[in-house]
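J.: Mind looking over this structure? Questions follow.
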Amino acid sequence: MTDPRLDLVVVGLGYVGLPLLVRAHETGMRTAGFDISGEVVAGLNAGRSHVADVLDSVVAEMVATGFGAKTDPSVIADADTVVLCVPTGLTGGAPDLSSVRAAARSVGENLRPNTLVVLESTSYPGTTEDVVRPILESGSGLRAGEDFHLAYSPERIDPGNPQFGVRNTPKVVAGVTPLCAKYGVAFYGRFIDTLVVSRGTREAEMAKLLENTYRYVNIALVNEVALFCDRIGIDVWDVLHCAGTKPFGYAPFQPGPGVGGHCIPVDPVYLQSAAEGAGFAFRTLVAAREVNERMSEHVVCRAQRLLRDSGTHVDGAKVLLLGVSYKPDIADIRETPAVPVAAGLLRAGAEVVYHDPHVPGFEVVGRPLNRVDHLDDGLREADVAIVLQDHSCYDPVRLVASRCLLLDTRGKLAGENVHSL
């Protein structure tokens, strides 16, 4: 008789959960997935991927060899290991753990003895033990560390990164007890090259927040340098190029129109919230957030200044946004700075359109923006084009040859009609 048990069930089949499943399935694990989205589940079972880094053919092969996606959480009861990969975003600017709590309830209601449960979602220190653990124990009647194993292992997925994926990115693992940590290491050791065992779940949760807060703070630094360079007439891109040649003691970061994505602009808020709860003031984070949120306003003001200097009124001017995703060559628009930039231009009375081959539809404060299908036509009709994202399809020669003003927020262009951040 075929063993009905599954090696792995992943809860949350998005940009973290699906690549994890793919890697586990590659090593011969029996896998399944649970997601509350019927559309996602139906698509996966039909062999269609909704994650850019996972090909349709890969999903189709998984389905053909036994993988199945479910909207019924009872599939969790068949798993030896359950990994929670659900989003932890913001609501009203504050941490929102509603998806984590809901996922934990689904797992708790279907939890069997000796199962390993791992949280991968990013959150503040204490989430695994103070939020997830009580829900699991209440729903199942089982005790973590005694009847089942509970671990935390922060996701390190970098969408669009061709060099580092699930297999070769070092994985931090921690357990609520030493035995739980050993079970976590045994699980991830089956399909990930390098494991790093943390002292505890709070340390692992804090490490994840530090990783992205480090980037957030340094991006704020170079953003403020860009603002200062604009004020006194210095070429910030030359400054960064020169500084970046130092082989020690300096890590290069790039300024831009703002900070986007699910992690970089969100994780520092979780850290700041945890700090405030402990009566600690993270002054560096407050300052960094102020600078980064100011960048979209700076881009709007810079565009207005360019139009005004060229003799064009902002009210009624046609502005073309080039690239509205938060990262080059992907379709992800979570927390993209293109939203506040577009909103600011719309408030000023400009007609705002966009071009992005990866994003078929883009909405700003409930208002859909018109999408330009042909780049040359868009450049020809625009008064100013703002390069928000440096997609590989944007040939610098082609852009510079256009007649319109160009505001380059990524430092990739040079020409008489090009103006820097």
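Chain lettering (A, B, ...) mirrors the order of the structure tokens, residue numbering begins at 1 for each chain separately, and ligand numbering begins at 1 in order of display.
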Range 9-208 of chain A: which residues are alpha helix (DSSP H) by DSSP, as a ChimeraX atom specification?

T.: /A:17-26,38-45,56-64,98-108,133-140,178-188,201-208

J.: Set the distance at 9 Å and use only C-alpha atoms: which residues neighbour Glu351 in chain A once local chain neighbours fewer than 2 positions away are removed? I'd like the list as a list in words.

T.: Val314, Asp315, Gly316, Ala317, Lys318, Val319, Leu320, Leu345, Leu346, Gly349 and Val353 of chain A

J.: Using only C-alpha atoms, which of the listed residues (A:Leu116, A:Val269, A:Gly66, A:Asp230) sits closest to Thr88 in chain A?

T.: A:Val269

J.: Do a neighbour search on range 162-176 of chain A at 8 Å with only C-alpha atoms, toss out local chain neighbours closer than 6 positions, and write the hits as a VMD selection string.

T.: chain A and resid 19 to 20 23 129 144 to 145 149 to 156 182 184 to 185 191 to 201 204

J.: Residues near range 291-304 of chain A, anyone? I mean within 6 Å using only C-alpha atoms, not counting same-chain ones fewer than 2 positions away, as a PyMOL selection string.

T.: chain A and resi 220+257-258+288-289+306-307+341
